[in-house]
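J.: A single structure is presented below for examination.
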Amino acid sequence: MSVEFDQKIHDTLADPKLQLAIYTSTARLKQNRINTVAAEVLPDYQELRSQANAIKKHSIENLDHYLEEFERNVTARGGKVVYCKDGTEVSDFVLTLAKERGARLIVKSKSMTTEEVDLNERLEHHGLESVETDLGEYILQLAHERPYHIVAPALHKTRYDVAEIFSQSLHVPNETVIENQTMLARRVLREKFLAADIGISGANFLVADSGAVVLIENEGNARLTTSAPKIHIAIAGIEKVIPRAQDLATFLKLLARSATGQLLSVYTSFLSGPRREGEIDGPDEFYVVLLDNGRTRLLPDKEKRQTLYCIRCGACLNTCPVYRKIGGHSFPWVYSGPIGAILTPQFMGVQHEPGLPFASSLCGACGEVCPVKIDIPKVLLDLRNEVQKAQTREKLNRWEKLAFRAFAWLMTHPRVYELAGRMAAAMAPSVDSRWISSVPPLMNLPPVRAWLSQRDLPPAPERSFREMWRQRR
Amino acid sequence: MTRDHILHRIRTALGRSAGQAVADPPPVRIRIAEVDREARVRSFTTRLEALAGKVYYVTTDAEARDLVASAIEGKTAVASNAPYLRECGITGIAGVETGITGRDELRERCAAAGVGITSADYALADTGSLVMLSTPREARLVSLLPPAHIAVVPVERLLTGLDELMSILPHPGDATSSMVLITGPSRTADIEQILVRGVHGPGQITVVLVG
C-alpha cells in the first residue's frame, strides 16, 4: 500500500464530519435501493439481473461487431462517430471542432468518462470555458475537486461548505439554505445553457441498432446540454454499447433502482443523430466519441473482462463496509468503492496502487447488489493474485514469502509448534494484553507496527488447548 | 488511424476477425401485463403524485381546456404545436403563445414563459412517466425551460409501462432524433441528500388525462 493511500484513509477515518456524511448518504441510497428491488415490488428482479448480465456478456464478447453497427447507424442518421485512444485524442478532437466553429463556451453534463481524462482541465488550458452543469459536479468544479461518489459526487460537502464555495467563486453573499443554493446555481447555469456553443455529455448506453445515445438524469441538465447548443458531443467508453433499443426494457428497470431507488430517473433521453428536418430545436451537429483509454486492456482475460459490464449505478459503493469508512477520495483514481478497486488496477496497471485490491473485506456485498451481476469479489481475488505475482517478479515480497514459508513449516511440524507455544506462554506476562508493545525491537519492525496499529495481540494462555485436551480426563 | 487500431485491438483480444458473424443475442425480454384503463389511470396518478406531480382525469376536451385556463391564470405560457392542444381549444386561451417554428424564437419564448404546455406521445402507467418525441409538433424546450410543465394527454395513449412502449416503438430513432421519458419534476439531492425540485427543468408537472 502506498503512503498516500494509507494517509488518505487515516485522514478520512479521523474526520467525524466526513464519517457522518458518508454514513448517512450511503445508508439512505442503500435503503432506497432495497425498497425498490424487494420481491414484493419487483418480483422478477433476479431474472432482470441475469438478463442484463447475459446482454452485457454478449455485447462485450462481440464488441467490435456492435461498435461497427452503432457507427453505421449514427452515420445513417447524420451523426459522426470518432474513436479516441486516450484523453489527448479526445481533447484534440473537441479543440479542433471548437476552433473550426468559433466556439468558446461549453456546457457539460455529468460523465465519469470525461473525469477519467480530465477533460475540463485540458479544454480550459486551451482557453475554452467548460462548465459542469450537474449541481454536484458544478460545486466540485468550483472547489477543484473530483467526484466523491459515482452518482452523488458531492456527498462529502455540507451546505456550509457549499455556501463558502459559492460565495468565494461566484462573489455572492453567504447562503446556507439548500433550496436557495440550488436556485442560485439554476440561475447561473441557465445563462450558460442559453449562451453555450457546444454541449458535452457522457452516455449511459449506446444502442447499436439505433445509433442512439441514452442519457439518464434527474436534474434536466443533460437534456439542456443536448438540446440547447447547436453542437452535441457525447463521450462514451467503448464498453457502453448494447445491441437493441428493446434491451432498455431490462436496463432501465435496474439502473435507477440500483442507483437511487427510483423506478425511473426523472429524465431518460434517447438521442439519435442531429435534429431532423422540421424539428424545431435540438443540435445541428451530433458526435459520439468512443473512448478506449485502457478498456481494450481488459478484454483478453475472460474472467476479468466482466468489469466492463458496469453501468455505474454506485450500488456497490453504498453497500461496501470499506467505502463507507474510507470514502471516495481515498481511492487513487476517479472510480471509488468496489468497482473502483477492480477498474483502476486494470486500467492503470496493478502497480499504480498495489494496495487497492486488498482494500476489501471480501464480504461479497458488492457482488450481491450489482445489477449486472459482476462477480466483484472474484475479480478482486484475481487481482490480488496478480499483485503478488508482480511483487514476486520484482522480489518485493521476499520477507513476506519467507515469513509464510516459516509459518507453513511451523504448522506442519506439531512438535515444534507445541514447543513454540510453550515458549511464548513462558515469555509473555499474561496480565498485559498488549505485551508485545513492551518489546521495542519487535515494535520497530514496520510490518509488525502496521499490523498492531489496528489490532491487539492477545497474550498466550498459560495452558494450550493441546495440554488441556491431554489432561481432559 | 485510431479507429482501425482500436477495432483491431478488440478483435485480437476477443479472438475475432473483421466482419465475423455473431451468435444471436439473448432474446429480448418484454413482459406486458393486461391492465384495464381505470387501473392504468389509478397507477399513473399514484406514481406521479408520489413524485409531487399533479394528475387530473377529465372526460371532455372542454374540461381539459378550462383546467388549463385556470392553472395558467396570470402567467405567460407557451404551447407546443401539437394538434391535440388545438383540438382541445387550449391554444386559444388568452396568454398562450403557440405556433412557433423558429428555433431562436422558441428558445427565447420558453426561457421567458412561466408555463410550457405540451401533449405527449404516450404515458406510462406503472412509473407515472410521459413519453415525448421531438417532432415539428413537439419541440424539446417547451417541456424543459419553463418552471412549470402541463401536459394534456388523451387517455388512450396511457400504456401499461416501459415494456409496452418498447414493443410499440422498437426503434424510437426511426421516428425522431430525441425521445425523452419524463418521470416527475426535475430534482436534485446533491447537497446533503436534501430533495429540491426544479433545479434545471420544471419544478412543477401537471398531467391532464382526457377521455
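Letters for chains follow the order of the C-alpha cells (A, B, ...), residue numbers begin at 1 for each chain, and ligand numbers begin at 1 in the order shown.
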Quick one: residues within 9 Å of range 23-25 of chain B, only C-alpha atoms, excluding same-chain residues fewer than 4 positions away - as a list in words?

T.: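 Neighbouring residues, sequence-local ones excluded: Ala54, Ile55, His58, Ser59, Asn62 and Pro243 of chain A.
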
J.: Can you tell me which residues surround His200 in chain B at a distance of at most 6 Å, considering only C-alpha atoms, apart from same-chain residues fewer than 5 positions away, and format the answer as a ChimeraX atom specification?

T.: /A:186,219-221

J.: Hey, list the chain A side of the contact with chain B: 7 Å cut-off, only C-alpha atoms, answer as a ChimeraX atom specification.

T.: /A:25,54-55,58,61-62,64,83-85,135-136,152,154-155,157-159,178-179,182-183,186,210,218-221,227,245-247,249-250,263-276,278-281,296,299-300

J.: Just asking: which residues within range 2-201 of chain B are helix (DSSP H, G or I) according to DSSP, as JSON, numbers by chain?

T.: {"B": [2, 3, 4, 5, 6, 7, 8, 9, 10, 11, 12, 13, 14, 37, 38, 39, 40, 41, 42, 43, 44, 45, 46, 47, 48, 49, 50, 61, 62, 63, 64, 65, 66, 67, 68, 69, 70, 71, 83, 84, 85, 86, 87, 90, 91, 92, 103, 104, 105, 106, 107, 108, 109, 110, 111, 112, 141, 142, 143, 155, 156, 157, 162, 163, 164, 165, 166, 167, 168, 172, 173, 174]}

J.: Between A:Leu255, A:Leu105, A:Ile150, A:Leu29, which is the closest to Ala52 in chain A once you count only C-alpha atoms?

T.: A:Leu255

J.: Using DSSP on the backbone coordinates, identify all residues within range 45-151 of chain A classified as strand (DSSP E or B); present the result as a list in words.

T.: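 Taking range 45-151 of chain A and keeping strand (DSSP E or B) only, one gets Lys80, Val81, Val82, Tyr83, Cys84, Leu105, Ile106, Val107, Lys108, Glu129, Ser130, Val131 and Glu132 of chain A.
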
J.: If you keep C-alpha atoms, can you produce a file of those selected residues as a JSON list (two decimals), in the first residue's frame?

T.:
```json
[["chain", "number", "residue", "atom", "x", "y", "z"],
["A", 80, "LYS", "CA", -20.46, 11.19, -36.71],
["A", 81, "VAL", "CA", -18.51, 8.67, -34.66],
["A", 82, "VAL", "CA", -14.95, 9.43, -33.57],
["A", 83, "TYR", "CA", -12.68, 6.83, -31.98],
["A", 84, "CYS", "CA", -10.14, 8.07, -29.43],
["A", 105, "LEU", "CA", -18.36, 28.18, -24.17],
["A", 106, "ILE", "CA", -19.06, 24.51, -23.45],
["A", 107, "VAL", "CA", -21.70, 23.16, -21.10],
["A", 108, "LYS", "CA", -21.15, 19.68, -19.72],
["A", 129, "GLU", "CA", -14.75, 27.70, -20.84],
["A", 130, "SER", "CA", -16.15, 24.30, -19.92],
["A", 131, "VAL", "CA", -18.86, 24.36, -17.26],
["A", 132, "GLU", "CA", -20.19, 21.37, -15.32]]
```

J.: I'd like to know which of B:Ala120, B:Val210, B:Ile93, B:Cys110 is closest to Val78 in chain B, using only C-alpha atoms.

T.: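 That would be B:Cys110, the residue with the smallest distance to Val78 in chain B.
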
J.: In Å, with one decimal, what is the gap from CA of Leu184 in chain A to CA of Leu142 in chain A?

T.: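 Taking CA of Leu184 in chain A as the start and CA of Leu142 in chain A as the end point, the length is 13.9 Å.
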
J.: Restricting the calculation to only C-alpha atoms: of A:Glu69, A:Glu418, A:Glu100, A:Asp92, which residue gets closest to Arg122 in chain A?

T.: A:Asp92

J.: Between CA of Thr36 in chain A and CA of Ala259 in chain A, what is the distance in Å, rounded to a tenth?

T.: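 Pair CA of Thr36 in chain A / CA of Ala259 in chain A returns 10.5 Å.
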
J.: One number please: CA of Ile231 in chain A to CA of Ala103 in chain A, in Å, one decimal.

T.: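 Between these atoms lies a distance of 9.6 Å.
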